[in-house]
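Enquirer: My file is protein-v3.txt. It has compact mmCIF, C-alpha atoms and all ligand atoms:
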# COMPACT_ATOMS: atom_id res chain seq x y z
CA MET A 274 0.00 0.00 0.00
CA ASP A 275 2.71 2.49 0.96
CA GLU A 276 4.74 1.89 -2.22
CA ASP A 277 1.64 2.32 -4.37
CA LEU A 278 0.70 5.49 -2.49
CA LEU A 279 4.19 6.96 -2.76
CA SER A 280 4.33 6.39 -6.51
CA ARG A 281 1.03 8.25 -6.99
CA MET A 282 1.77 11.25 -4.81
CA THR A 283 3.58 14.53 -5.40
CA VAL A 284 4.68 16.96 -2.70
CA ARG A 285 4.90 20.60 -3.75
CA GLU A 286 4.62 24.15 -2.45
CA ALA A 287 1.23 25.86 -2.54
CA THR A 288 0.72 28.78 -4.92
CA HIS A 289 -1.98 31.44 -5.10
CA ASP A 290 -3.64 29.43 -7.88
CA ASP A 291 -4.29 26.57 -5.43
CA TYR A 292 -6.76 28.65 -3.37
CA GLN A 293 -9.90 26.99 -4.69
CA ALA A 294 -8.52 23.45 -4.66
CA VAL A 295 -7.31 23.94 -1.09
CA MET A 296 -10.62 25.40 0.10
CA THR A 297 -12.43 22.49 -1.48
CA MET A 298 -10.35 19.95 0.43
CA ALA A 299 -9.61 21.78 3.70
CA SER A 300 -13.15 21.75 5.17
CA PRO A 301 -13.16 25.43 6.26
CA ASP A 302 -16.89 25.16 7.05
CA THR A 303 -16.23 22.65 9.81
CA PHE A 304 -12.61 23.20 10.89
CA ARG A 305 -12.68 25.07 14.26
CA ASP A 306 -16.47 24.75 14.05
CA GLY A 307 -16.42 27.00 10.99
CA PHE A 308 -14.29 29.77 12.54
CA ASP A 309 -11.48 28.81 10.19
CA TYR A 310 -8.69 31.31 9.53
CA LEU A 311 -7.48 29.56 6.37
CA PRO A 312 -9.71 31.33 3.80
CA ALA A 313 -8.54 34.72 5.16
CA LYS A 314 -4.89 33.78 5.62
CA PHE A 315 -4.24 31.52 2.63
CA HIS A 316 -2.63 34.14 0.37
CA GLY A 317 -0.65 35.60 3.28
CA PHE A 318 0.75 32.14 4.04
CA VAL A 319 1.77 31.69 0.39
CA ASP A 320 3.54 35.08 0.34
CA ASP A 321 5.13 34.98 3.80
CA PRO A 322 8.88 34.26 3.49
CA ASP A 323 8.81 32.55 6.91
CA THR A 324 5.99 30.14 6.05
CA VAL A 325 6.34 26.74 4.42
CA PHE A 326 3.03 25.74 2.88
CA LEU A 327 3.15 22.29 1.29
CA LEU A 328 0.53 20.25 -0.53
CA VAL A 329 0.25 16.58 -1.38
CA GLU A 330 -1.34 15.72 -4.70
CA LEU A 331 -2.56 12.20 -5.26
CA ASP A 332 -3.12 11.40 -8.93
CA GLY A 333 -3.00 15.15 -9.58
CA GLU A 334 -5.64 16.10 -6.96
CA VAL A 335 -4.78 18.14 -3.84
CA VAL A 336 -5.58 15.86 -0.89
CA PHE A 337 -3.42 17.06 2.00
CA LEU A 338 -1.85 20.27 3.24
CA ASP A 339 0.69 21.07 5.91
CA VAL A 340 1.66 24.60 7.03
CA HIS A 341 4.69 25.44 9.17
CA PHE A 342 6.17 28.74 10.33
CA LEU A 343 9.87 29.31 10.77
CA ARG A 344 10.63 31.57 13.73
CA ASP A 345 13.45 33.48 15.40
CA GLY A 346 15.81 33.46 12.44
CA GLY A 347 15.45 29.71 11.97
CA GLU A 348 15.91 28.77 15.63
CA SER A 349 12.42 27.29 15.97
CA TRP A 350 9.43 26.21 13.94
CA VAL A 351 5.71 26.13 14.60
CA ALA A 352 3.51 23.37 13.18
CA LYS A 353 0.46 25.45 12.21
CA THR A 354 -2.06 23.17 10.52
CA MET A 355 -2.53 20.02 8.52
CA ARG A 356 -5.65 18.97 6.68
CA MET A 357 -6.65 15.80 4.88
CA ALA A 358 -9.36 15.80 2.18
CA LYS A 359 -12.60 14.63 3.81
CA LYS A 360 -13.02 11.64 1.51
CA MET A 361 -9.58 10.34 2.52
CA GLN A 362 -9.80 10.87 6.27
CA GLY A 363 -9.72 7.87 8.58
CA ARG A 364 -7.80 5.67 6.14
CA ARG A 365 -4.48 6.07 7.95
CA PHE A 366 -2.78 7.92 5.11
CA SER A 367 -1.82 10.88 7.28
CA ARG A 368 1.37 9.41 8.72
CA THR A 369 2.67 8.63 5.23
CA PHE A 370 1.90 12.16 4.00
CA ILE A 371 3.33 13.84 7.11
CA ALA A 372 6.56 11.89 6.90
CA ALA A 373 6.94 12.55 3.16
CA MET A 374 6.42 16.25 3.77
CA ARG A 375 8.81 16.43 6.68
CA VAL A 376 11.77 15.87 4.35
CA ARG A 377 10.61 18.85 2.27
CA HIS A 378 10.02 21.00 5.34
CA LEU A 379 13.46 20.37 6.72
CA ALA A 380 15.10 21.05 3.33
CA LYS A 381 13.10 24.24 2.97
CA PHE A 382 13.96 25.43 6.51
CA LEU A 383 17.64 24.89 5.73
CA GLU A 384 17.31 26.83 2.47
CA MET A 385 15.49 29.70 4.25
CA SER A 386 17.71 30.18 7.28
CA GLY A 387 20.85 28.14 6.64
CA ARG A 388 20.31 25.98 9.71
CA HIS A 389 18.07 23.33 11.21
CA PRO A 390 15.57 24.60 13.79
CA LYS A 391 16.37 23.50 17.34
CA VAL A 392 12.83 23.64 18.70
CA VAL A 393 9.37 22.67 17.42
CA HIS A 394 6.17 24.14 18.86
CA VAL A 395 2.85 22.35 18.49
CA LEU A 396 -0.62 23.16 19.83
CA ARG A 397 -2.99 20.25 20.39
CA ASP A 398 -6.64 20.22 21.34
CA THR A 399 -6.70 18.15 24.54
CA GLU A 400 -9.69 16.19 23.23
CA ARG A 401 -8.18 15.13 19.90
CA GLN A 402 -7.31 11.45 20.36
CA ASP A 403 -6.47 11.07 16.66
CA LEU A 404 -3.73 13.71 16.88
CA LYS A 405 -2.44 12.15 20.09
CA ARG A 406 -2.10 8.84 18.27
CA LEU A 407 -0.38 10.47 15.35
CA ASP A 408 2.14 12.12 17.70
CA ASN A 409 2.60 8.92 19.69
CA ALA A 410 3.39 6.98 16.52
CA TYR A 411 6.71 8.80 16.39
CA ASP A 412 7.29 8.44 20.11
CA LEU A 413 8.32 12.10 20.22
CA PRO A 414 9.35 13.45 23.63
CA PHE A 415 6.99 16.45 23.57
CA LYS A 416 7.03 18.53 26.75
CA THR A 417 3.84 20.31 27.81
CA LYS A 418 4.66 23.97 28.33
CA SER A 419 1.27 25.54 28.90
CA VAL A 420 -2.46 25.06 28.89
CA ILE A 421 -4.41 27.39 26.64
CA ASN A 422 -8.04 28.18 27.33
CA VAL A 423 -10.03 29.35 24.31
CA MET A 424 -13.49 30.86 24.84
CA TYR A 425 -15.95 32.05 22.19
CA PHE A 426 -18.53 34.81 22.62
CA CYS A 427 -20.63 36.68 20.12
CA TRP A 428 -22.00 40.18 20.30
CA ASP A 429 -23.79 42.56 18.02
CA ALA A 430 -21.53 45.59 18.24
CA THR A 431 -23.73 48.07 16.42
CA PRO A 432 -26.37 49.11 18.98
CA ARG A 433 -24.45 48.75 22.25
CA LYS A 434 -21.14 50.56 21.93
CA ASP A 435 -21.85 53.25 24.53
CA ARG A 436 -21.88 51.08 27.63
CA LEU A 437 -18.29 50.00 26.95
CA THR A 438 -16.86 53.38 27.92
CA ASP A 439 -18.78 53.33 31.25
CA ALA A 440 -17.39 49.87 31.99
CA GLN A 441 -13.88 50.97 31.11
CA MET A 442 -13.87 53.89 33.60
CA CYS A 443 -13.29 51.79 36.71
CA LEU A 444 -10.60 49.53 35.19
CA PRO A 445 -6.82 50.09 34.94
CA ALA A 446 -5.71 52.19 31.97
CA LEU A 447 -3.95 50.51 29.06
CA VAL A 448 -1.99 52.00 26.18
CA PRO A 449 -1.40 50.81 22.64
CA TYR A 450 2.05 49.24 22.44
CA ARG A 451 4.89 51.44 21.14
CA PRO A 452 8.40 50.16 20.30
CA ALA A 453 9.83 51.84 23.43
CA ASP A 454 7.57 49.63 25.59
CA ILE A 455 9.77 46.63 24.78
CA HIS A 456 12.02 47.76 27.67
CA ARG A 457 9.17 47.13 30.10
CA LEU A 458 8.51 43.68 28.58
CA LEU A 459 12.00 42.24 28.33
CA PRO A 460 12.83 42.26 32.08
CA PRO A 461 12.54 38.75 33.56
CA ALA A 462 9.95 40.15 36.00
CA PHE A 463 7.54 40.28 33.06
CA SER A 464 8.34 37.00 31.26
CA ALA A 465 8.65 34.92 34.39
CA THR A 466 5.47 36.11 36.04
CA VAL A 467 3.18 36.89 33.13
CA LEU A 468 4.05 34.57 30.24
CA SER A 469 3.13 30.93 30.37
CA GLY A 470 6.05 28.80 29.18
CA GLY A 471 7.90 32.06 28.44
CA LEU A 472 5.97 32.50 25.18
CA LEU A 473 3.52 34.93 23.69
CA LEU A 474 0.41 33.54 22.08
CA VAL A 475 -1.09 35.50 19.24
CA ASP A 476 -4.19 34.12 17.56
CA TRP A 477 -3.10 30.76 19.03
CA ASP A 478 0.40 30.94 17.53
CA PRO A 479 3.37 30.82 19.91
CA TYR A 480 6.11 33.47 19.65
CA LYS A 481 9.23 34.06 21.71
CA LEU A 482 9.10 37.51 23.32
CA SER A 483 11.72 39.53 21.44
CA GLU A 484 12.06 42.91 19.80
CA PRO A 485 12.02 41.50 16.22
CA ASN A 486 8.92 39.41 16.95
CA MET A 487 7.08 42.40 18.44
CA LYS A 488 8.05 44.42 15.39
CA LYS A 489 6.76 41.68 13.13
CA LEU A 490 3.45 41.57 15.00
CA VAL A 491 3.06 45.36 14.78
CA GLU A 492 3.77 45.21 11.03
CA ALA A 493 1.21 42.42 10.68
CA GLY A 494 -1.43 44.87 11.96
CA CYS A 495 -1.92 43.40 15.43
CA TYR A 496 -3.59 45.70 17.95
CA ILE A 497 -1.31 45.37 20.98
CA LEU A 498 -2.09 46.69 24.44
CA VAL A 499 0.11 47.01 27.50
CA ASP A 500 -0.42 48.48 30.97
CA SER A 501 1.75 51.34 32.15
CA ASN A 502 3.49 49.69 35.12
CA VAL A 503 7.23 50.36 35.53
CA PRO A 504 9.94 49.12 35.48
CA ALA A 505 8.21 45.99 34.12
CA ALA A 506 4.73 45.76 32.67
CA LYS A 507 2.23 43.35 34.22
CA SER A 508 0.11 42.55 31.20
CA LEU A 509 0.11 42.39 27.43
CA SER A 510 -2.54 41.47 24.89
CA PHE A 511 -2.93 41.02 21.16
CA GLY A 512 -6.01 41.55 19.06
CA GLY A 513 -6.85 41.14 15.43
CA SER A 514 -9.68 40.22 13.14
CA TYR A 515 -10.53 38.31 9.99
CA MET A 516 -13.52 36.86 8.20
CA THR A 517 -14.31 33.16 8.56
CA PRO A 518 -17.05 31.01 6.99
CA ARG A 519 -19.12 31.80 10.13
CA GLY A 520 -18.54 35.53 10.03
CA ARG A 521 -16.13 37.98 11.58
CA VAL A 522 -13.81 36.77 14.33
CA TYR A 523 -11.81 39.08 16.60
CA HIS A 524 -9.18 37.27 18.66
CA ILE A 525 -8.13 38.63 22.06
CA ASP A 526 -5.05 36.94 23.49
CA ILE A 527 -4.43 38.03 27.07
CA HIS A 528 -1.20 37.58 28.97
CA CYS A 529 -1.62 38.58 32.60
CA LYS A 530 -2.41 37.28 36.05
CA ASP A 531 -4.46 40.16 37.41
CA GLU A 532 -8.28 40.17 37.18
CA ALA A 533 -8.80 43.90 36.71
CA LEU A 534 -6.09 44.07 34.03
CA CYS A 535 -7.64 41.11 32.26
CA LYS A 536 -11.02 42.86 32.13
CA ALA A 537 -9.37 46.08 30.95
CA HIS A 538 -7.72 44.23 28.07
CA ILE A 539 -11.02 42.66 27.04
CA ILE A 540 -12.95 45.88 27.06
CA THR A 541 -10.29 47.88 25.22
CA HIS A 542 -10.11 45.26 22.48
CA VAL A 543 -13.89 45.14 22.24
CA LYS A 544 -13.94 48.93 21.84
CA ASN A 545 -11.29 48.66 19.15
CA ALA A 546 -13.33 45.99 17.36
CA CYS A 547 -16.47 48.14 17.56
CA SER A 548 -14.64 51.15 16.15
CA GLN A 549 -13.72 49.14 13.06
CA TYR A 550 -16.56 46.75 12.41
CA THR A 551 -20.32 46.71 12.63
CA GLY A 552 -22.74 43.87 13.18
CA MET A 553 -22.13 40.50 14.76
CA ILE A 554 -18.58 39.79 15.91
CA THR A 555 -17.36 36.55 17.43
CA PHE A 556 -14.75 37.25 20.08
CA CYS A 557 -12.28 34.45 20.63
CA VAL A 558 -10.70 35.11 24.03
CA VAL A 559 -7.53 33.21 24.96
CA VAL A 560 -6.03 33.06 28.46
CA THR A 561 -3.32 30.80 29.79
CA GLU A 562 -3.90 31.67 33.43
CA LYS A 563 -6.46 29.12 34.66
CA LYS A 564 -8.06 31.32 37.30
CA LEU A 565 -8.81 33.96 34.66
CA LYS A 566 -11.05 31.58 32.73
CA ASP A 567 -13.93 32.13 35.17
CA VAL A 568 -13.18 35.85 35.31
CA VAL A 569 -13.45 36.12 31.51
CA MET A 570 -16.64 34.07 31.44
CA THR A 571 -18.41 36.08 34.16
CA PHE A 572 -17.26 39.44 32.81
CA CYS A 573 -18.25 38.69 29.21
CA VAL A 574 -21.58 37.01 29.94
CA GLN A 575 -22.91 38.75 33.05
CA TYR A 576 -21.40 42.20 32.68
CA LEU A 577 -21.01 42.75 28.94
CA HIS A 578 -23.99 40.50 28.06
CA PHE A 579 -22.10 38.61 25.39
CA LYS A 580 -23.57 35.33 24.22
CA HIS A 581 -21.31 32.44 25.17
CA LEU A 582 -20.95 30.06 22.21
CA PRO A 583 -20.55 26.30 22.68
CA HIS A 584 -17.13 26.10 20.99
CA ASP A 585 -14.69 26.52 23.88
CA HIS A 586 -11.59 24.36 23.76
CA THR A 587 -8.53 23.63 25.83
CA TYR A 588 -5.22 23.26 24.08
CA HIS A 589 -1.80 22.11 25.19
CA HIS A 590 1.26 23.85 23.89
CA TYR A 591 4.04 21.29 23.41
CA LYS A 592 7.68 21.96 22.86
CA LEU A 593 10.14 19.53 21.37
CA LYS A 594 13.90 19.84 21.05
CA THR A 595 14.95 18.52 17.66
CA ASP A 596 18.27 17.28 19.11
CA ASP A 597 16.24 14.76 21.11
CA VAL A 598 14.81 13.04 18.01
CA ASP A 599 15.90 11.56 14.73
CA MET A 600 14.01 13.84 12.33
CA GLY A 601 14.98 11.68 9.38
CA GLN A 602 13.40 8.50 10.70
CA PRO A 603 11.71 6.38 8.02
CA ILE A 604 8.08 6.75 7.05
CA PRO A 605 6.10 4.43 9.33
CA LYS A 606 4.19 1.76 7.45
CA ALA A 607 0.42 2.16 7.34
CA LYS A 608 -1.21 -0.67 9.28
CA TYR A 609 -3.23 -1.79 6.30
C1 LIG B 701 -5.98 15.37 11.41
C2 LIG B 701 -6.08 14.63 10.09
C3 LIG B 701 -5.08 15.20 9.11
C4 LIG B 701 -5.74 13.15 10.34
O1 LIG B 701 -5.92 12.44 9.15
P1 LIG B 701 -6.84 11.14 9.11
O2 LIG B 701 -6.81 10.58 7.74
O3 LIG B 701 -8.19 11.47 9.63
O4 LIG B 701 -6.12 10.20 10.17
P2 LIG B 701 -5.62 8.71 9.99
O5 LIG B 701 -6.69 7.86 9.42
O6 LIG B 701 -4.32 8.74 9.26
O7 LIG B 701 -5.42 8.30 11.51
C5 LIG B 701 -4.38 8.82 12.32
C6 LIG B 701 -4.40 8.13 13.67
O8 LIG B 701 -5.52 8.61 14.42
C7 LIG B 701 -6.30 7.51 14.86
N1 LIG B 701 -7.68 7.99 14.89
C8 LIG B 701 -8.43 8.43 13.86
N2 LIG B 701 -9.63 8.83 14.31
C9 LIG B 701 -9.62 8.62 15.65
C10 LIG B 701 -10.56 8.83 16.70
N3 LIG B 701 -11.77 9.34 16.45
N4 LIG B 701 -10.20 8.51 17.96
C11 LIG B 701 -8.99 8.00 18.23
N5 LIG B 701 -8.04 7.79 17.29
C12 LIG B 701 -8.37 8.08 16.02
C13 LIG B 701 -6.06 6.43 13.85
O9 LIG B 701 -6.34 5.17 14.40
C14 LIG B 701 -4.58 6.64 13.55
O10 LIG B 701 -3.76 6.11 14.57
P3 LIG B 701 -3.06 4.66 14.43
O11 LIG B 701 -2.48 4.62 13.06
O12 LIG B 701 -2.06 4.67 15.53
O13 LIG B 701 -4.15 3.66 14.63
C15 LIG B 701 -7.52 14.72 9.51
O14 LIG B 701 -8.42 14.11 10.39
C16 LIG B 701 -7.98 16.14 9.21
O15 LIG B 701 -7.63 16.70 8.20
N6 LIG B 701 -8.84 16.68 10.09
C17 LIG B 701 -9.39 18.02 9.91
C18 LIG B 701 -8.33 19.10 10.13
C19 LIG B 701 -7.68 18.98 11.47
O16 LIG B 701 -8.33 18.78 12.48
N7 LIG B 701 -6.33 19.12 11.50
C20 LIG B 701 -5.54 18.98 12.71
C21 LIG B 701 -5.43 20.21 13.52
S1 LIG B 701 -4.67 21.54 12.69
Starting from the coordinates I provided, produce the structure as structure tokens.

Expert:
Amino acid sequence: MDEDLLSRMTVREATHDDYQAVMTMASPDTFRDGFDYLPAKFHGFVDDPDTVFLLVELDGEVVFLDVHFLRDGGESWVAKTMRMAKKMQGRRFSRTFIAAMRVRHLAKFLEMSGRHPKVVHVLRDTERQDLKRLDNAYDLPFKTKSVINVMYFCWDATPRKDRLTDAQMCLPALVPYRPADIHRLLPPAFSATVLSGGLLLVDWDPYKLSEPNMKKLVEAGCYILVDSNVPAAKSLSFGGSYMTPRGRVYHIDIHCKDEALCKAHIITHVKNACSQYTGMITFCVVVTEKKLKDVVMTFCVQYLHFKHLPHDHTYHHYKLKTDDVDMGQPIPKAKY
């Protein structure tokens, strides 16, 4: 089976012309319950010099995709997403495709940065047994770095903007991030106390806290908020928006431990969202601090009167050192 499969498949990089074929196979209507970023981000992924976007064609038809980001000048990589065409799911082809693509990823990473990444970051839904089995097949020594709580709320921004300012009055003031603020973020007092696993999460993607990464996020149009504490800040958040098959999503990724700061970040992002968009917005709020989960829920539902949507998930962020594994191990045989 494997030999037959390998002779029929081609691995290649995605191009802009693949948009329709990819959308047809990638199930954007059901991935993340329809709040899929791929339709909005596809062309950006193709153009981004730090993204490796590979496709598998089987008999000339796109049936699998795998997207990875190279980070920190080639020091690390993030496994972003993989998708199998619906009609081929559950037939245990994924391991063969993943392994075939890995060779291309590693070659591409080397071409892009001149070195092999030392660290791999992966986010996994804690309920996805299929992904757990896929990871286990390679016996990879993943280390859990943090638990990520993702909560979904929707709100019709148009008629109810005014009450946001009232709510904001009694919360700590926040400012939009400026490059000079990096000096209040780099002290260990910030990273060690505020960041889970020492990483930033932005729209679920892990980033090391560094000046170049903050610059990159600013250039990508992220709305970034920080409190004004000195010498080190006590909170940081990232917001941004895109259209999905289920409508507009605005992600709010909050890094802090303090309840009042957490609420201030939410409300300031919601105000920002309302200043830019009208109509129904789905807010996807991410916190890594467990005790803030209840704070977010109560504040959004009881105070802001958001509708809580039944799509919450818990993710684990795993980190793997590439020195600890043989990245060139052979493609495991499909069981049948
Ligand atoms: C994730 C995905 C690529 C896996 O491909 P697939 O064809 O469905 O998976 P396979 O048939 O190759 O099975 C992979 C493993 O998961 C196991 N598995 C599949 N469904 C399972 C389930 N419901 N429960 C437990 N294990 C399951 C299989 O038994 C296999 O493990 P094994 O070989 O050790 O027995 C595919 O399901 C997909 O595209 N899903 C939608 C997009 C997505 O969720 N991507 C991942 C997050 S970005």

Enquirer: Kindly provide the residues of chain A that approach ligand LIG 701 (chain B) to within 10 Å, each paired with its closest atom pair and their distance in Å to one decimal, based on all atoms listed in the file, listed by chain and increasing number, as CSV.

Expert:
residue,atom,partner,partner_atom,distance
A:Met298,CA,B:LIG701,O15,8.9
A:Ala299,CA,B:LIG701,O15,7.1
A:Ser300,CA,B:LIG701,C17,7.1
A:Pro301,CA,B:LIG701,C18,8.9
A:Thr303,CA,B:LIG701,C17,8.3
A:Phe304,CA,B:LIG701,C18,6.0
A:Arg305,CA,B:LIG701,O16,7.9
A:Val336,CA,B:LIG701,O15,9.4
A:Phe337,CA,B:LIG701,O15,7.5
A:Leu338,CA,B:LIG701,C3,8.4
A:Asp339,CA,B:LIG701,S1,8.7
A:Val340,CA,B:LIG701,S1,9.0
A:Ala352,CA,B:LIG701,S1,8.4
A:Lys353,CA,B:LIG701,S1,6.5
A:Thr354,CA,B:LIG701,S1,3.8
A:Met355,CA,B:LIG701,N7,4.9
A:Arg356,CA,B:LIG701,O15,3.4
A:Met357,CA,B:LIG701,O15,3.6
A:Ala358,CA,B:LIG701,O15,6.3
A:Lys359,CA,B:LIG701,O15,6.9
A:Lys360,CA,B:LIG701,O2,8.9
A:Met361,CA,B:LIG701,O2,5.9
A:Gln362,CA,B:LIG701,O2,3.3
A:Gly363,CA,B:LIG701,O5,3.1
A:Arg364,CA,B:LIG701,O5,4.1
A:Arg365,CA,B:LIG701,O6,3.0
A:Phe366,CA,B:LIG701,O6,4.5
A:Ser367,CA,B:LIG701,O6,3.8
A:Arg368,CA,B:LIG701,O6,5.8
A:Thr369,CA,B:LIG701,O6,8.1
A:Phe370,CA,B:LIG701,O6,8.8
A:Ile371,CA,B:LIG701,C3,8.8
A:Val395,CA,B:LIG701,S1,9.5
A:Leu396,CA,B:LIG701,S1,8.4
A:Arg397,CA,B:LIG701,C21,7.3
A:Asp398,CA,B:LIG701,C21,7.9
A:Glu400,CA,B:LIG701,N4,9.3
A:Arg401,CA,B:LIG701,N4,7.2
A:Gln402,CA,B:LIG701,C11,4.4
A:Asp403,CA,B:LIG701,O8,3.5
A:Leu404,CA,B:LIG701,O8,5.9
A:Lys405,CA,B:LIG701,O8,7.4
A:Arg406,CA,B:LIG701,O10,4.9
A:Leu407,CA,B:LIG701,C6,4.9
A:Asp408,CA,B:LIG701,C6,8.7
A:Asn409,CA,B:LIG701,O12,7.6
A:Ala410,CA,B:LIG701,O12,6.0
A:Tyr411,CA,B:LIG701,O12,9.7
A:Pro605,CA,B:LIG701,O11,9.4
A:Lys606,CA,B:LIG701,O11,9.2
A:Ala607,CA,B:LIG701,O11,6.9
A:Lys608,CA,B:LIG701,O11,6.6
A:Tyr609,CA,B:LIG701,O11,9.3

Enquirer: Quote the spacing between CA of Ala380 (chain A) and CA of Val325 (chain A) in Å to one decimal place.

Expert: 10.5 Å

Enquirer: Please measure the separation of CA of Ile455 (chain A) and CA of Met487 (chain A), giving the value in Å to one decimal.

Expert: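 The value is 8.1 Å.
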
Enquirer: I'd like to know which of A:Leu413, A:Glu330, A:Ile525, A:Val393 is closest to Ile540 (chain A), using all atoms listed in the file.

Expert: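 Smallest distance to Ile540 (chain A) is found for A:Ile525.
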
Enquirer: Go through A:Leu379, A:Phe426, A:Val335, A:Ser548 one by one, measure the shortest atom-to-atom distance of each to Gln575 (chain A) using only C-alpha atoms, and give the residue with the smallest value.

Expert: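 Looking only at the distances to Gln575 (chain A), the closest residue turns out to be A:Phe426.
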
Enquirer: Need the axis-aligned box for region 507-513 of chain A with 8 Å each side, so what are the centre and edges in Å to one decimal, as JSON?

Expert:
{"center_x": -2.3, "center_y": 42.2, "center_z": 24.8, "size_x": 25.1, "size_y": 18.3, "size_z": 34.8}

Enquirer: Name all residues at most 8 Å from region 503-518 of chain A (count only C-alpha atoms; drop same-chain ones fewer than 5 positions away) and give them as a PyMOL selection string.

Expert: chain A and resi 301-302+307-310+312-313+456-460+462-463+467+475-476+494-498+523-530+534-535+538+542

Enquirer: May I have the selected residues written with C-alpha atoms, as a PDB file, keeping the file's coordinate frame?

Expert:
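Final file, again_37.pdb:
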ATOM      1  CA  PRO A 301     -13.160  25.430   6.260  1.00  0.00           C
ATOM      2  CA  ASP A 302     -16.890  25.160   7.050  1.00  0.00           C
ATOM      3  CA  GLY A 307     -16.420  27.000  10.990  1.00  0.00           C
ATOM      4  CA  PHE A 308     -14.290  29.770  12.540  1.00  0.00           C
ATOM      5  CA  ASP A 309     -11.480  28.810  10.190  1.00  0.00           C
ATOM      6  CA  TYR A 310      -8.690  31.310   9.530  1.00  0.00           C
ATOM      7  CA  PRO A 312      -9.710  31.330   3.800  1.00  0.00           C
ATOM      8  CA  ALA A 313      -8.540  34.720   5.160  1.00  0.00           C
ATOM      9  CA  HIS A 456      12.020  47.760  27.670  1.00  0.00           C
ATOM     10  CA  ARG A 457       9.170  47.130  30.100  1.00  0.00           C
ATOM     11  CA  LEU A 458       8.510  43.680  28.580  1.00  0.00           C
ATOM     12  CA  LEU A 459      12.000  42.240  28.330  1.00  0.00           C
ATOM     13  CA  PRO A 460      12.830  42.260  32.080  1.00  0.00           C
ATOM     14  CA  ALA A 462       9.950  40.150  36.000  1.00  0.00           C
ATOM     15  CA  PHE A 463       7.540  40.280  33.060  1.00  0.00           C
ATOM     16  CA  VAL A 467       3.180  36.890  33.130  1.00  0.00           C
ATOM     17  CA  VAL A 475      -1.090  35.500  19.240  1.00  0.00           C
ATOM     18  CA  ASP A 476      -4.190  34.120  17.560  1.00  0.00           C
ATOM     19  CA  GLY A 494      -1.430  44.870  11.960  1.00  0.00           C
ATOM     20  CA  CYS A 495      -1.920  43.400  15.430  1.00  0.00           C
ATOM     21  CA  TYR A 496      -3.590  45.700  17.950  1.00  0.00           C
ATOM     22  CA  ILE A 497      -1.310  45.370  20.980  1.00  0.00           C
ATOM     23  CA  LEU A 498      -2.090  46.690  24.440  1.00  0.00           C
ATOM     24  CA  TYR A 523     -11.810  39.080  16.600  1.00  0.00           C
ATOM     25  CA  HIS A 524      -9.180  37.270  18.660  1.00  0.00           C
ATOM     26  CA  ILE A 525      -8.130  38.630  22.060  1.00  0.00           C
ATOM     27  CA  ASP A 526      -5.050  36.940  23.490  1.00  0.00           C
ATOM     28  CA  ILE A 527      -4.430  38.030  27.070  1.00  0.00           C
ATOM     29  CA  HIS A 528      -1.200  37.580  28.970  1.00  0.00           C
ATOM     30  CA  CYS A 529      -1.620  38.580  32.600  1.00  0.00           C
ATOM     31  CA  LYS A 530      -2.410  37.280  36.050  1.00  0.00           C
ATOM     32  CA  LEU A 534      -6.090  44.070  34.030  1.00  0.00           C
ATOM     33  CA  CYS A 535      -7.640  41.110  32.260  1.00  0.00           C
ATOM     34  CA  HIS A 538      -7.720  44.230  28.070  1.00  0.00           C
ATOM     35  CA  HIS A 542     -10.110  45.260  22.480  1.00  0.00           C
TER      36      HIS A 542
END

Enquirer: For the point (5.9, 35.9, 23.1) in file coordinates, what residues are within 10 Å, counting all atoms listed in the file? Give the answer as a PyMOL selection string?

Expert: chain A and resi 458+464+468-475+478-484+486-487+509+528

Enquirer: Please report the interatomic distance between CA of Trp428 (chain A) and CA of Thr571 (chain A) in Å with one decimal.

Expert: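 That distance, rounded to one decimal, is 14.9 Å.
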
Enquirer: For a quick check of understanding, using only C-alpha atoms, which of A:Tyr425, A:Trp350, A:Phe326, A:Tyr292 has the smallest distance to Lys566 (chain A)?

Expert: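 Checking each of A:Tyr425, A:Trp350, A:Phe326, A:Tyr292 against Lys566 (chain A), counting only C-alpha atoms, the winner is A:Tyr425.
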
Enquirer: Using all atoms listed in the file, which of the listed residues (A:Ala430, A:Val392, A:Cys573, A:Ile554) sits closest to Lys416 (chain A)?

Expert: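 For Lys416 (chain A), the nearest of the given residues is A:Val392.
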
Enquirer: Could you give me, as a PyMOL selection string, the residues that have an atom at most 10 Å away from the point (-13.8, 49.1, 35.3) in the coordinates of the file, using only C-alpha atoms?

Expert: chain A and resi 437-446+533-534+536-537+540

Enquirer: Deliver the residues from the most recent selection as a file, using C-alpha atoms, as a PDB file, in the coordinates of the input.

Expert:
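Wrote part.pdb, looks like this:
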ATOM      1  CA  LEU A 437     -18.290  50.000  26.950  1.00  0.00           C
ATOM      2  CA  THR A 438     -16.860  53.380  27.920  1.00  0.00           C
ATOM      3  CA  ASP A 439     -18.780  53.330  31.250  1.00  0.00           C
ATOM      4  CA  ALA A 440     -17.390  49.870  31.990  1.00  0.00           C
ATOM      5  CA  GLN A 441     -13.880  50.970  31.110  1.00  0.00           C
ATOM      6  CA  MET A 442     -13.870  53.890  33.600  1.00  0.00           C
ATOM      7  CA  CYS A 443     -13.290  51.790  36.710  1.00  0.00           C
ATOM      8  CA  LEU A 444     -10.600  49.530  35.190  1.00  0.00           C
ATOM      9  CA  PRO A 445      -6.820  50.090  34.940  1.00  0.00           C
ATOM     10  CA  ALA A 446      -5.710  52.190  31.970  1.00  0.00           C
ATOM     11  CA  ALA A 533      -8.800  43.900  36.710  1.00  0.00           C
ATOM     12  CA  LEU A 534      -6.090  44.070  34.030  1.00  0.00           C
ATOM     13  CA  LYS A 536     -11.020  42.860  32.130  1.00  0.00           C
ATOM     14  CA  ALA A 537      -9.370  46.080  30.950  1.00  0.00           C
ATOM     15  CA  ILE A 540     -12.950  45.880  27.060  1.00  0.00           C
TER      16      ILE A 540
END
